[in-house]
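Chemist: Dumping the structure here so I can ask a few things about it.
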Amino acid sequence: LFLPLKSADRRMFGLFSAMVLLFGARSVRCLMPGALKPSKGSATRLLSVAGRGDGLGGLFSDVTGMVGNTPCVKISDKLAPKGVEVYAKCEFFNPLSSVKDRLAVAIIEDAEAKGLLKPGDTVVEATSGNTGIAVAMVCAQRGYDCVICMAEPFSVERRRLMRMLGAKVIVTPKAGKGTGMVRKAEELCATHGWFLCHQFETEANWKFHELTTGPEIVNDFKGKKLTHWVTGYGTGGTFHGAGKALKAALPDLEIVLAEPSAGGGPAAGGAAGGAGGGGGGWGSG
């Protein structure tokens, strides 16, 4: 079980945490037959790398097929609380090293299915960074123009990544903070008729988690007693959607929402929403 961490420990929390999303059904998935094999003598279905060299058993049709199905790894007993097994879903295995890769695929594929996006359209989003990087990647693969609105205080390195992926980045004044970049994105959509991702409002986010994230966790822990699921808040999609699916399959599971004390989200006593991302960890014992 992960507990809220002090500022000095957040880098470790970020490394071990993950929010679990899966990519949409349109993408081709390779399930790694034979790539990972059970360890000898393992009674808990832990996997090893005995199948190195086997390959993934197939070819990916495009980069979005690499999003999701990230490994769930046991944290060393030297770091975990005594008597508790802790696992982390390693979202840095996604193509652009962020859980937001999953969110971008979900939003774009949902819009395509509803006829809200067609070839030649422009996608716009207001973001502090990771969502914009992920949206830029999916737009590049799909052939959409991409415009990202980002407030001046946020990471310059993330802006460079988005531009490298072909996105146009509009930097809004520091004084407006997150509200200013959102207003600019809304203004651009109203003026040009572009598609706005609405990462905090779209129902595609939590529904995607309910259909994929929760079942993925349940399947990964077959044969083990999963007692706790710990997640950050961010957009709320993982907490809402995966939480519903997990509780339906595992009624006794305890769900813990973790945030920095100054995060301003629901766990810290603030309002829902924000510009950050969350993470997920699993405890069993």
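Letters A, B, ... mark the chains of the structure tokens in the order given; residue numbers begin at 1 per chain; ligand numbers begin at 1, in order shown.
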Residues of region 38-110 of chain A in alpha helix (DSSP H) according to DSSP, as a PyMOL selection string?

Modeler: chain A and resi 100-110

Chemist: Filtering to N, CA, C and O atoms, could you give me those residues as an mmCIF file, in the first residue's frame?

Modeler:
```
data_model
loop_
_atom_site.group_PDB
_atom_site.id
_atom_site.type_symbol
_atom_site.label_atom_id
_atom_site.label_comp_id
_atom_site.auth_asym_id
_atom_site.auth_seq_id
_atom_site.Cartn_x
_atom_site.Cartn_y
_atom_site.Cartn_z
ATOM 1 N N LYS A 100 -0.388 9.208 -20.477
ATOM 2 C CA LYS A 100 -1.259 10.035 -21.303
ATOM 3 C C LYS A 100 -1.325 9.548 -22.750
ATOM 4 O O LYS A 100 -2.224 9.940 -23.500
ATOM 5 N N ASP A 101 -0.378 8.690 -23.153
ATOM 6 C CA ASP A 101 -0.479 8.079 -24.480
ATOM 7 C C ASP A 101 -1.810 7.346 -24.614
ATOM 8 O O ASP A 101 -2.453 7.362 -25.671
ATOM 9 N N ARG A 102 -2.229 6.703 -23.548
ATOM 10 C CA ARG A 102 -3.493 5.962 -23.560
ATOM 11 C C ARG A 102 -4.682 6.903 -23.701
ATOM 12 O O ARG A 102 -5.617 6.646 -24.448
ATOM 13 N N LEU A 103 -4.650 7.999 -22.970
ATOM 14 C CA LEU A 103 -5.729 8.983 -23.019
ATOM 15 C C LEU A 103 -5.879 9.557 -24.417
ATOM 16 O O LEU A 103 -7.000 9.701 -24.932
ATOM 17 N N ALA A 104 -4.758 9.881 -25.057
ATOM 18 C CA ALA A 104 -4.820 10.462 -26.396
ATOM 19 C C ALA A 104 -5.439 9.504 -27.400
ATOM 20 O O ALA A 104 -6.284 9.894 -28.215
ATOM 21 N N VAL A 105 -5.049 8.236 -27.351
ATOM 22 C CA VAL A 105 -5.624 7.242 -28.255
ATOM 23 C C VAL A 105 -7.123 7.117 -28.012
ATOM 24 O O VAL A 105 -7.926 7.043 -28.952
ATOM 25 N N ALA A 106 -7.521 7.108 -26.746
ATOM 26 C CA ALA A 106 -8.943 6.973 -26.413
ATOM 27 C C ALA A 106 -9.763 8.132 -26.972
ATOM 28 O O ALA A 106 -10.822 7.933 -27.570
ATOM 29 N N ILE A 107 -9.276 9.356 -26.774
ATOM 30 C CA ILE A 107 -10.019 10.543 -27.228
ATOM 31 C C ILE A 107 -10.117 10.583 -28.749
ATOM 32 O O ILE A 107 -11.194 10.819 -29.317
ATOM 33 N N ILE A 108 -8.998 10.362 -29.425
ATOM 34 C CA ILE A 108 -8.987 10.454 -30.889
ATOM 35 C C ILE A 108 -9.840 9.348 -31.510
ATOM 36 O O ILE A 108 -10.641 9.602 -32.428
ATOM 37 N N GLU A 109 -9.712 8.129 -31.009
ATOM 38 C CA GLU A 109 -10.490 7.033 -31.593
ATOM 39 C C GLU A 109 -11.984 7.189 -31.309
ATOM 40 O O GLU A 109 -12.816 6.839 -32.147
ATOM 41 N N ASP A 110 -12.331 7.737 -30.153
ATOM 42 C CA ASP A 110 -13.734 8.006 -29.840
ATOM 43 C C ASP A 110 -14.293 9.061 -30.792
ATOM 44 O O ASP A 110 -15.414 8.921 -31.303
#
```

Chemist: My list of candidates is A:Phe239, A:Phe195, A:Phe221, A:Tyr144. Which is closest to Ala167 (chain A) when distances are computed with only C-alpha atoms?

Modeler: A:Tyr144

Chemist: I'd like to know which of A:Val147, A:Leu250, A:Val135, A:Pro119 is closest to Lys168 (chain A), using only C-alpha atoms.

Modeler: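 Looking only at the distances to Lys168 (chain A), the closest residue turns out to be A:Val147.
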
Chemist: Considering only strand (DSSP E or B) as DSSP defines it on the backbone, what residues of region 147-251 of chain A qualify? List them as a list in words.

Modeler: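 Checking each residue of region 147-251 of chain A, the strand (DSSP E or B) ones are Val147, Ile148, Cys149, Met150, Ala151, Lys168, Val169, Ile170, Val171, Thr172, Phe195, Leu196, Leu226, Thr227, His228, Trp229, Val230 and Thr231 of chain A.
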
Chemist: From the options A:Pro153, A:Cys139, A:Val218, A:Asp77, which residue's atoms come nearest to Ala175 (chain A), counting only C-alpha atoms?

Modeler: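 The shortest atom-to-atom distance to Ala175 (chain A) comes from A:Pro153.
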
Chemist: Tell me, as a VMD selection string, which residues lie within 10 Å of Ser97 (chain A), counting only C-alpha atoms; anything in the same chain fewer than 4 positions away does not count.

Modeler: chain A and resid 67 90 to 93 101 130 133 to 134

Chemist: Produce a file of the selected residues containing C-alpha atoms, as an mmCIF file, in the first residue's frame.

Modeler:
```
data_model
loop_
_atom_site.group_PDB
_atom_site.id
_atom_site.type_symbol
_atom_site.label_atom_id
_atom_site.label_comp_id
_atom_site.auth_asym_id
_atom_site.auth_seq_id
_atom_site.Cartn_x
_atom_site.Cartn_y
_atom_site.Cartn_z
ATOM 1 C CA VAL A 67 0.252 1.908 -26.228
ATOM 2 C CA CYS A 90 5.236 0.730 -15.585
ATOM 3 C CA GLU A 91 3.613 3.338 -17.810
ATOM 4 C CA PHE A 92 6.977 4.578 -19.041
ATOM 5 C CA PHE A 93 6.860 1.579 -21.409
ATOM 6 C CA ASP A 101 -0.479 8.079 -24.480
ATOM 7 C CA ASN A 130 2.244 15.030 -21.192
ATOM 8 C CA ILE A 133 2.930 15.112 -26.247
ATOM 9 C CA ALA A 134 0.603 12.123 -26.509
#
```

Chemist: CA of Ser155 (chain A) and CA of Glu125 (chain A) are how many Å apart?

Modeler: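 Pair CA of Ser155 (chain A) / CA of Glu125 (chain A) returns 16.0 Å.
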
Chemist: For the atom pair CA of Gly65 (chain A) and CA of Val138 (chain A), what is the interatomic distance in Å to one decimal place?

Modeler: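 So the answer is 10.8 Å.
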
Chemist: Grab the CA of Ala185 (chain A) to CA of Val124 (chain A) distance for me, in Å with one decimal place.

Modeler: 6.5 Å

Chemist: Can you pull out every residue within 12 Å of Arg163 (chain A), counting only C-alpha atoms, but drop anything in the same chain fewer than 5 positions away, and send it as an mmCIF file with C-alpha atoms, in the first residue's frame?

Modeler:
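This went into result_22.cif:
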```cif
data_model
loop_
_atom_site.group_PDB
_atom_site.id
_atom_site.type_symbol
_atom_site.label_atom_id
_atom_site.label_comp_id
_atom_site.auth_asym_id
_atom_site.auth_seq_id
_atom_site.Cartn_x
_atom_site.Cartn_y
_atom_site.Cartn_z
ATOM 1 C CA GLY A 129 2.742 18.802 -21.208
ATOM 2 C CA GLY A 132 -0.004 17.395 -25.448
ATOM 3 C CA ILE A 133 2.930 15.112 -26.247
ATOM 4 C CA ALA A 134 0.603 12.123 -26.509
ATOM 5 C CA VAL A 135 -1.982 13.977 -28.625
ATOM 6 C CA ALA A 136 0.780 15.216 -30.940
ATOM 7 C CA MET A 137 1.998 11.639 -31.396
ATOM 8 C CA ALA A 140 1.118 12.622 -36.387
ATOM 9 C CA ASP A 145 -2.843 18.900 -37.682
ATOM 10 C CA CYS A 146 -2.225 19.485 -33.982
ATOM 11 C CA VAL A 147 -2.235 22.718 -31.964
ATOM 12 C CA ILE A 148 -1.292 22.730 -28.289
ATOM 13 C CA CYS A 149 -1.925 25.621 -25.906
ATOM 14 C CA VAL A 156 10.202 24.071 -22.143
ATOM 15 C CA GLU A 157 11.422 20.520 -22.816
ATOM 16 C CA ARG A 158 7.841 19.326 -23.285
ATOM 17 C CA LYS A 168 2.175 23.894 -33.261
ATOM 18 C CA VAL A 169 2.608 25.107 -29.674
ATOM 19 C CA ILE A 170 0.986 28.350 -28.582
#
```
